[in-house]
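J.: input_7.tsv is reproduced in full below (TSV, C-alpha atoms).
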```
chain	number	residue	atom	x	y	z
A	1	MET	CA	-59.67	-35.33	13.51
A	2	THR	CA	-57.69	-37.40	11.02
A	3	SER	CA	-57.96	-41.20	10.77
A	4	VAL	CA	-54.50	-42.77	10.51
A	5	LEU	CA	-53.13	-46.29	10.12
A	6	VAL	CA	-49.54	-46.71	11.31
A	7	THR	CA	-47.90	-49.98	10.33
A	8	GLY	CA	-45.28	-51.49	12.60
A	9	SER	CA	-46.57	-49.58	15.62
A	10	ALA	CA	-45.96	-52.15	18.37
A	11	ASP	CA	-42.71	-50.41	19.32
A	12	GLY	CA	-40.05	-47.94	18.21
A	13	ILE	CA	-40.74	-45.05	15.84
A	14	GLY	CA	-44.12	-46.45	14.81
A	15	ARG	CA	-45.39	-46.55	18.38
A	16	GLU	CA	-44.06	-43.06	19.06
A	17	THR	CA	-45.77	-41.80	15.89
A	18	ALA	CA	-49.06	-43.41	16.88
A	19	ALA	CA	-48.91	-42.14	20.46
A	20	THR	CA	-48.16	-38.60	19.28
A	21	LEU	CA	-51.08	-38.66	16.85
A	22	VAL	CA	-53.40	-39.93	19.59
A	23	SER	CA	-52.22	-37.18	21.95
A	24	LEU	CA	-53.12	-34.63	19.26
A	25	GLY	CA	-56.68	-35.96	19.12
A	26	HIS	CA	-56.54	-38.07	15.97
A	27	ARG	CA	-58.06	-41.50	15.41
A	28	VAL	CA	-55.23	-44.00	15.16
A	29	VAL	CA	-55.24	-47.68	14.27
A	30	LEU	CA	-52.12	-49.63	15.16
A	31	HIS	CA	-50.55	-52.64	13.48
A	32	ALA	CA	-48.58	-55.58	14.85
A	33	ARG	CA	-47.37	-58.79	13.29
A	34	ASP	CA	-49.06	-61.14	15.79
A	35	GLU	CA	-51.66	-61.17	18.58
A	36	ALA	CA	-49.10	-60.95	21.40
A	37	ARG	CA	-47.52	-57.81	19.97
A	38	ALA	CA	-50.96	-56.40	19.20
A	39	GLY	CA	-51.81	-56.59	22.90
A	40	GLN	CA	-48.52	-54.89	23.77
A	41	ALA	CA	-49.23	-52.14	21.24
A	42	LEU	CA	-52.68	-51.40	22.64
A	43	ALA	CA	-51.30	-51.36	26.17
A	44	ALA	CA	-48.59	-48.90	25.14
A	45	VAL	CA	-50.99	-46.63	23.19
A	46	PRO	CA	-54.24	-46.94	25.18
A	47	GLY	CA	-55.96	-44.18	23.23
A	48	ALA	CA	-55.69	-46.05	19.95
A	49	ALA	CA	-58.93	-46.94	18.16
A	50	GLY	CA	-57.81	-50.49	17.45
A	51	VAL	CA	-55.06	-52.69	16.09
A	52	LEU	CA	-54.70	-54.73	12.92
A	53	VAL	CA	-52.72	-57.97	12.98
A	54	GLY	CA	-50.70	-59.03	9.97
A	55	ASP	CA	-47.32	-60.64	9.42
A	56	LEU	CA	-45.77	-58.66	6.56
A	57	ALA	CA	-43.39	-61.55	5.85
A	58	SER	CA	-46.41	-63.43	4.46
A	59	LEU	CA	-48.27	-62.37	1.34
A	60	ALA	CA	-51.42	-64.11	2.56
A	61	ARG	CA	-51.31	-62.35	5.94
A	62	THR	CA	-50.59	-59.02	4.25
A	63	ARG	CA	-53.61	-59.47	2.01
A	64	GLU	CA	-55.74	-60.33	5.06
A	65	MET	CA	-54.53	-57.20	6.80
A	66	ALA	CA	-55.38	-55.12	3.73
A	67	ALA	CA	-58.89	-56.59	3.73
A	68	ALA	CA	-59.31	-55.71	7.41
A	69	ALA	CA	-58.00	-52.20	6.79
A	70	SER	CA	-60.54	-51.77	4.00
A	71	ALA	CA	-63.49	-51.99	6.39
A	72	GLU	CA	-63.39	-48.22	6.81
A	73	PRO	CA	-61.29	-45.68	4.92
A	74	PHE	CA	-58.23	-43.98	6.39
A	75	ASP	CA	-57.25	-40.40	5.69
A	76	VAL	CA	-53.58	-41.29	6.08
A	77	VAL	CA	-51.51	-44.47	5.95
A	78	ILE	CA	-47.99	-44.34	7.38
A	79	HIS	CA	-45.90	-47.25	6.12
A	80	ASN	CA	-43.51	-47.46	9.06
A	81	ALA	CA	-42.98	-51.23	9.40
A	82	GLY	CA	-39.64	-52.60	8.28
A	83	LEU	CA	-36.67	-54.80	9.06
A	84	GLY	CA	-33.08	-53.68	9.57
A	85	GLY	CA	-29.95	-54.78	7.80
A	86	GLY	CA	-28.44	-57.03	10.43
A	87	LEU	CA	-29.41	-60.35	8.85
A	88	PRO	CA	-26.24	-62.46	8.67
A	89	GLU	CA	-27.47	-64.50	5.72
A	90	ARG	CA	-30.06	-64.35	2.99
A	91	THR	CA	-33.39	-65.50	4.44
A	92	VAL	CA	-36.36	-66.73	2.42
A	93	THR	CA	-39.98	-66.45	3.59
A	94	GLU	CA	-42.83	-68.96	3.28
A	95	ASP	CA	-43.53	-67.37	-0.11
A	96	GLY	CA	-40.03	-68.14	-1.34
A	97	LEU	CA	-39.10	-64.45	-1.30
A	98	GLU	CA	-36.10	-62.70	0.21
A	99	LEU	CA	-37.18	-61.45	3.64
A	100	LEU	CA	-35.96	-57.84	3.58
A	101	PHE	CA	-37.39	-57.20	0.14
A	102	GLN	CA	-40.72	-58.75	1.07
A	103	VAL	CA	-41.22	-56.87	4.34
A	104	ASN	CA	-39.67	-53.54	3.39
A	105	VAL	CA	-40.87	-53.21	-0.20
A	106	LEU	CA	-43.50	-55.74	-1.25
A	107	ALA	CA	-45.64	-55.36	1.89
A	108	PRO	CA	-46.10	-51.59	1.57
A	109	TYR	CA	-46.70	-52.07	-2.16
A	110	VAL	CA	-49.45	-54.64	-1.53
A	111	LEU	CA	-51.06	-52.53	1.20
A	112	THR	CA	-50.93	-49.44	-1.00
A	113	ALA	CA	-52.59	-51.30	-3.84
A	114	LEU	CA	-55.30	-53.02	-1.79
A	115	VAL	CA	-56.23	-50.54	0.96
A	116	PRO	CA	-58.70	-47.85	-0.19
A	117	ARG	CA	-56.79	-44.81	-1.39
A	118	PRO	CA	-56.15	-42.35	1.46
A	119	ARG	CA	-55.56	-38.63	1.11
A	120	ARG	CA	-51.96	-38.95	2.28
A	121	LEU	CA	-49.30	-41.67	2.25
A	122	VAL	CA	-45.99	-41.63	4.11
A	123	TYR	CA	-43.27	-44.23	3.46
A	124	LEU	CA	-40.45	-44.60	5.98
A	125	THR	CA	-37.02	-44.90	4.43
A	126	SER	CA	-33.48	-44.37	5.73
A	127	GLY	CA	-30.55	-42.12	4.97
A	128	LEU	CA	-28.89	-45.29	3.70
A	129	GLU	CA	-31.15	-45.03	0.64
A	130	SER	CA	-28.37	-42.84	-0.73
A	131	GLN	CA	-26.17	-45.96	-0.85
A	132	GLY	CA	-28.92	-48.12	-2.31
A	133	VAL	CA	-28.84	-49.62	-5.77
A	134	ALA	CA	-32.01	-50.11	-7.80
A	135	ASP	CA	-31.02	-53.37	-9.49
A	136	LEU	CA	-34.34	-54.30	-11.04
A	137	ASP	CA	-32.82	-57.52	-12.39
A	138	ASP	CA	-31.83	-58.77	-8.92
A	139	LEU	CA	-34.38	-57.35	-6.50
A	140	GLN	CA	-34.07	-60.34	-4.17
A	141	HIS	CA	-30.27	-60.50	-4.04
A	142	GLU	CA	-29.99	-63.93	-5.58
A	143	ARG	CA	-26.63	-63.19	-7.20
A	144	GLY	CA	-23.29	-62.87	-5.51
A	145	PRO	CA	-22.46	-62.95	-1.80
A	146	TRP	CA	-25.05	-61.77	0.73
A	147	ASP	CA	-24.56	-58.28	2.20
A	148	GLY	CA	-27.32	-57.51	4.70
A	149	MET	CA	-26.62	-53.79	4.95
A	150	GLN	CA	-26.55	-53.40	1.17
A	151	ALA	CA	-29.82	-55.32	0.89
A	152	TYR	CA	-31.30	-53.01	3.52
A	153	SER	CA	-30.02	-49.88	1.76
A	154	ASP	CA	-31.44	-51.16	-1.53
A	155	SER	CA	-34.83	-51.80	0.06
A	156	LYS	CA	-34.92	-48.31	1.55
A	157	LEU	CA	-34.13	-46.80	-1.86
A	158	LEU	CA	-36.98	-48.85	-3.34
A	159	ASP	CA	-39.32	-47.44	-0.68
A	160	VAL	CA	-38.52	-43.96	-2.00
A	161	VAL	CA	-39.04	-45.20	-5.56
A	162	LEU	CA	-42.44	-46.57	-4.50
A	163	ALA	CA	-43.45	-43.31	-2.80
A	164	PHE	CA	-42.51	-41.30	-5.89
A	165	ALA	CA	-44.20	-43.75	-8.26
A	166	VAL	CA	-47.44	-43.52	-6.30
A	167	ALA	CA	-47.18	-39.72	-6.23
A	168	ARG	CA	-46.91	-39.70	-10.02
A	169	ARG	CA	-49.63	-42.31	-10.60
A	170	TRP	CA	-52.08	-40.86	-8.04
A	171	PRO	CA	-51.99	-37.05	-8.31
A	172	ASP	CA	-54.93	-36.79	-5.89
A	173	VAL	CA	-52.84	-38.34	-3.07
A	174	LEU	CA	-49.95	-36.73	-1.21
A	175	SER	CA	-47.27	-39.45	-1.23
A	176	ASN	CA	-43.90	-38.77	0.37
A	177	ALA	CA	-40.87	-40.56	1.81
A	178	VAL	CA	-39.28	-39.79	5.19
A	179	ASP	CA	-35.83	-40.47	6.60
A	180	PRO	CA	-36.52	-40.30	10.36
A	181	GLY	CA	-32.84	-40.05	11.31
A	182	TRP	CA	-30.67	-42.46	13.29
A	183	ILE	CA	-33.11	-43.12	16.08
A	184	LYS	CA	-32.53	-44.86	19.41
A	185	THR	CA	-34.63	-47.99	18.85
A	186	LYS	CA	-33.99	-51.72	18.58
A	187	LEU	CA	-33.41	-51.21	14.86
A	188	GLY	CA	-31.26	-48.11	15.32
A	189	GLY	CA	-29.04	-49.76	17.89
A	190	PRO	CA	-27.28	-48.45	21.00
A	191	ASN	CA	-25.07	-45.96	19.16
A	192	ALA	CA	-27.95	-44.06	17.53
A	193	THR	CA	-27.79	-40.30	17.98
A	194	ASP	CA	-31.42	-39.14	17.71
A	195	ASP	CA	-34.40	-39.60	20.04
A	196	LEU	CA	-37.84	-41.05	19.38
A	197	PRO	CA	-39.79	-37.77	19.25
A	198	THR	CA	-37.42	-36.53	16.55
A	199	GLY	CA	-37.91	-39.76	14.63
A	200	ALA	CA	-41.69	-39.44	14.65
A	201	ASP	CA	-42.12	-35.70	14.14
A	202	THR	CA	-41.96	-35.46	10.35
A	203	GLN	CA	-44.45	-38.28	9.80
A	204	VAL	CA	-46.93	-36.64	12.18
A	205	TRP	CA	-46.45	-33.31	10.41
A	206	LEU	CA	-46.98	-34.80	6.95
A	207	ALA	CA	-50.02	-36.72	8.17
A	208	THR	CA	-51.83	-33.79	9.76
A	209	SER	CA	-50.49	-30.39	8.75
A	210	ASP	CA	-52.12	-28.09	6.21
A	211	GLU	CA	-48.97	-25.98	5.92
A	212	PRO	CA	-47.90	-25.50	2.29
A	213	ALA	CA	-44.57	-27.19	3.04
A	214	ALA	CA	-46.41	-30.34	4.19
A	215	THR	CA	-49.05	-30.50	1.48
A	216	VAL	CA	-46.69	-31.53	-1.31
A	217	THR	CA	-46.15	-34.85	-3.02
A	218	GLY	CA	-43.32	-36.90	-4.46
A	219	ARG	CA	-40.79	-35.50	-1.97
A	220	TYR	CA	-38.11	-36.87	0.34
A	221	PHE	CA	-37.99	-35.40	3.85
A	222	LYS	CA	-35.75	-35.51	6.87
A	223	TRP	CA	-36.76	-33.50	9.95
A	224	ARG	CA	-39.31	-31.53	7.92
A	225	GLU	CA	-36.65	-30.52	5.41
A	226	ASP	CA	-37.35	-31.26	1.74
A	227	LEU	CA	-34.17	-32.93	0.46
A	228	ARG	CA	-32.97	-34.62	-2.74
A	229	ALA	CA	-33.12	-38.41	-2.69
A	230	ASN	CA	-30.98	-40.94	-4.53
A	231	PRO	CA	-31.22	-39.94	-8.23
A	232	ALA	CA	-32.60	-43.38	-9.14
A	233	ALA	CA	-35.81	-42.58	-7.23
A	234	TYR	CA	-36.76	-39.91	-9.77
A	235	ASP	CA	-36.26	-42.18	-12.78
A	236	VAL	CA	-39.71	-42.94	-14.24
A	237	GLU	CA	-38.42	-46.10	-15.91
A	238	VAL	CA	-37.13	-47.38	-12.55
A	239	GLN	CA	-40.48	-46.53	-10.95
A	240	GLU	CA	-42.45	-48.35	-13.62
A	241	ARG	CA	-40.18	-51.39	-13.61
A	242	LEU	CA	-40.47	-51.66	-9.83
A	243	LEU	CA	-44.27	-51.46	-9.97
A	244	GLY	CA	-44.29	-54.08	-12.72
A	245	ALA	CA	-42.00	-56.41	-10.78
A	246	CYS	CA	-44.06	-56.05	-7.61
A	247	ALA	CA	-47.24	-56.78	-9.53
A	248	GLU	CA	-45.73	-59.85	-11.15
A	249	ILE	CA	-44.40	-61.24	-7.86
A	250	THR	CA	-47.52	-60.59	-5.77
A	251	GLY	CA	-50.31	-60.85	-8.32
A	252	VAL	CA	-51.53	-57.45	-7.10
A	253	THR	CA	-51.63	-54.51	-9.51
A	254	LEU	CA	-51.52	-50.91	-8.36
A	255	PRO	CA	-54.82	-49.35	-9.50
```
Go ahead and express the file in the form of structure tokens.
T.:
Amino acid sequence: MTSVLVTGSADGIGRETAATLVSLGHRVVLHARDEARAGQALAAVPGAAGVLVGDLASLARTREMAAAASAEPFDVVIHNAGLGGGLPERTVTEDGLELLFQVNVLAPYVLTALVPRPRRLVYLTSGLESQGVADLDDLQHERGPWDGMQAYSDSKLLDVVLAFAVARRWPDVLSNAVDPGWIKTKLGGPNATDDLPTGADTQVWLATSDEPAATVTGRYFKWREDLRANPAAYDVEVQERLLGACAEITGVTLP
């Protein structure tokens, strides 16, 4: 039995991932941004071992969640939580940070840094990472007109950068990024082409399988296929600059 934390598991791909892991006999802890959604998550995945509450749009709440997650170690953490690119205008959180960047990039960074190191890490990205730009001088899109889909694509590229940076920094941890496909969820929208089980399968495989193809690190997967990511993700300077920027913004340094 593997102990797994799945962030953003109140609905969508995260819930499907958690439910599949539970059905396979693993110990799964869910995550939701507030108490109401936590109750919904537990009702939807009744075999879960518990649920952590933490609003990833708040650095304070993310730190509190990390502290709660540190009570007992996890074998695997799946960083599934994230926001889509439909925001019509640039939105700033209570921390004065751009919302997409905070939830999609800073939150998994903070949790990675503060939660005891697991054996495996999985970071959810998107095929739109291929269109992302790693502009380390404008991570929060403060310059020029707002483009929600570009900001989303950029954040998903940075998730791959983070996964690869952790893989390089922590050779004892299997750290990979996953494009789940265009999945029929609230985020994916009504025109999405792929179903929930397909969207969850690769994460479950990376979290639990001992197959040689799954026990690798610093890779980018879609549907269990090892693919090439955006070239920027492999750039060590980009990786180090992102880690440095995240540390400066949050006050949390990756060990």
J.: Any idea what's packed within 6 Å of segment 59-73 of chain A, counting only C-alpha atoms, ignoring anything in its chain fewer than 3 positions away? Could you give it as JSON, numbers by chain?
T.: {"A": [54, 55, 56, 111, 114, 115]}
J.: Quick one: pull the distance between atom CA of Tyr152 of chain A and atom CA of Leu83 of chain A, Å, one decimal.
T.: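 Those two atoms sit 7.9 Å apart.
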J.: Quick one: residues within 10 Å of (-55.1, -48.5, -3.0) (file frame), counting only C-alpha atoms, please, as a list of chain:residue names.
T.: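 Within the cut-off we find A:Ala66, A:Ser70, A:Tyr109, A:Val110, A:Leu111, A:Thr112, A:Ala113, A:Leu114, A:Val115, A:Pro116, A:Arg117, A:Pro118, A:Val166, A:Trp170, A:Thr253, A:Leu254, A:Pro255.
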J.: Point out the residue among A:Leu174, A:Cys246, A:Ile13, A:Ala49 with the least atom-to-atom distance to Ala207 of chain A, counting all atoms listed in the file.
T.: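 Among the listed residues, the smallest separation from Ala207 of chain A belongs to A:Leu174.
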J.: With only C-alpha atoms as the basis for distance, which of A:Gly12, A:Gly47, A:Gly218, A:Gly127 is at the shortest distance from Leu24 of chain A?
T.: A:Gly47
J.: Env of Gly14 of chain A: 12 Å cut, atoms = only C-alpha atoms, seq-sep filter 3 positions within chain, self excluded. Answer as an mmCIF file with C-alpha atoms, in the coordinates of the input.
T.:
```
data_model
loop_
_atom_site.group_PDB
_atom_site.id
_atom_site.type_symbol
_atom_site.label_atom_id
_atom_site.label_comp_id
_atom_site.auth_asym_id
_atom_site.auth_seq_id
_atom_site.Cartn_x
_atom_site.Cartn_y
_atom_site.Cartn_z
ATOM 1 C CA VAL A 4 -54.500 -42.770 10.510
ATOM 2 C CA LEU A 5 -53.130 -46.290 10.120
ATOM 3 C CA VAL A 6 -49.540 -46.710 11.310
ATOM 4 C CA THR A 7 -47.900 -49.980 10.330
ATOM 5 C CA GLY A 8 -45.280 -51.490 12.600
ATOM 6 C CA SER A 9 -46.570 -49.580 15.620
ATOM 7 C CA ALA A 10 -45.960 -52.150 18.370
ATOM 8 C CA ASP A 11 -42.710 -50.410 19.320
ATOM 9 C CA THR A 17 -45.770 -41.800 15.890
ATOM 10 C CA ALA A 18 -49.060 -43.410 16.880
ATOM 11 C CA ALA A 19 -48.910 -42.140 20.460
ATOM 12 C CA THR A 20 -48.160 -38.600 19.280
ATOM 13 C CA LEU A 21 -51.080 -38.660 16.850
ATOM 14 C CA VAL A 28 -55.230 -44.000 15.160
ATOM 15 C CA VAL A 29 -55.240 -47.680 14.270
ATOM 16 C CA LEU A 30 -52.120 -49.630 15.160
ATOM 17 C CA HIS A 31 -50.550 -52.640 13.480
ATOM 18 C CA ALA A 32 -48.580 -55.580 14.850
ATOM 19 C CA ALA A 41 -49.230 -52.140 21.240
ATOM 20 C CA ALA A 44 -48.590 -48.900 25.140
ATOM 21 C CA VAL A 45 -50.990 -46.630 23.190
ATOM 22 C CA VAL A 77 -51.510 -44.470 5.950
ATOM 23 C CA ILE A 78 -47.990 -44.340 7.380
ATOM 24 C CA HIS A 79 -45.900 -47.250 6.120
ATOM 25 C CA ASN A 80 -43.510 -47.460 9.060
ATOM 26 C CA ALA A 81 -42.980 -51.230 9.400
ATOM 27 C CA GLY A 82 -39.640 -52.600 8.280
ATOM 28 C CA VAL A 122 -45.990 -41.630 4.110
ATOM 29 C CA TYR A 123 -43.270 -44.230 3.460
ATOM 30 C CA LEU A 124 -40.450 -44.600 5.980
ATOM 31 C CA PRO A 180 -36.520 -40.300 10.360
ATOM 32 C CA ILE A 183 -33.110 -43.120 16.080
ATOM 33 C CA THR A 185 -34.630 -47.990 18.850
ATOM 34 C CA LEU A 187 -33.410 -51.210 14.860
ATOM 35 C CA LEU A 196 -37.840 -41.050 19.380
ATOM 36 C CA PRO A 197 -39.790 -37.770 19.250
ATOM 37 C CA GLY A 199 -37.910 -39.760 14.630
ATOM 38 C CA ALA A 200 -41.690 -39.440 14.650
ATOM 39 C CA ASP A 201 -42.120 -35.700 14.140
ATOM 40 C CA GLN A 203 -44.450 -38.280 9.800
ATOM 41 C CA VAL A 204 -46.930 -36.640 12.180
#
```
J.: With all atoms listed in the file as the atoms that count, which of A:Asn176, A:Asn191, A:Thr217, A:Ser153 lies nearest to Ala134 of chain A?
T.: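 Ranking A:Asn176, A:Asn191, A:Thr217, A:Ser153 by distance to Ala134 of chain A, first place goes to A:Ser153.
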J.: As a PyMOL selection string, please: the residues near segment 230-244 of chain A (cut-off 6 Å, all atoms listed in the file, same-chain neighbours under 3 positions excluded).
T.: chain A and resi 130+161+165+247
J.: So what do you get for atom CA of Gln140 of chain A versus atom CA of Leu158 of chain A, distance-wise?
T.: 11.9 Å
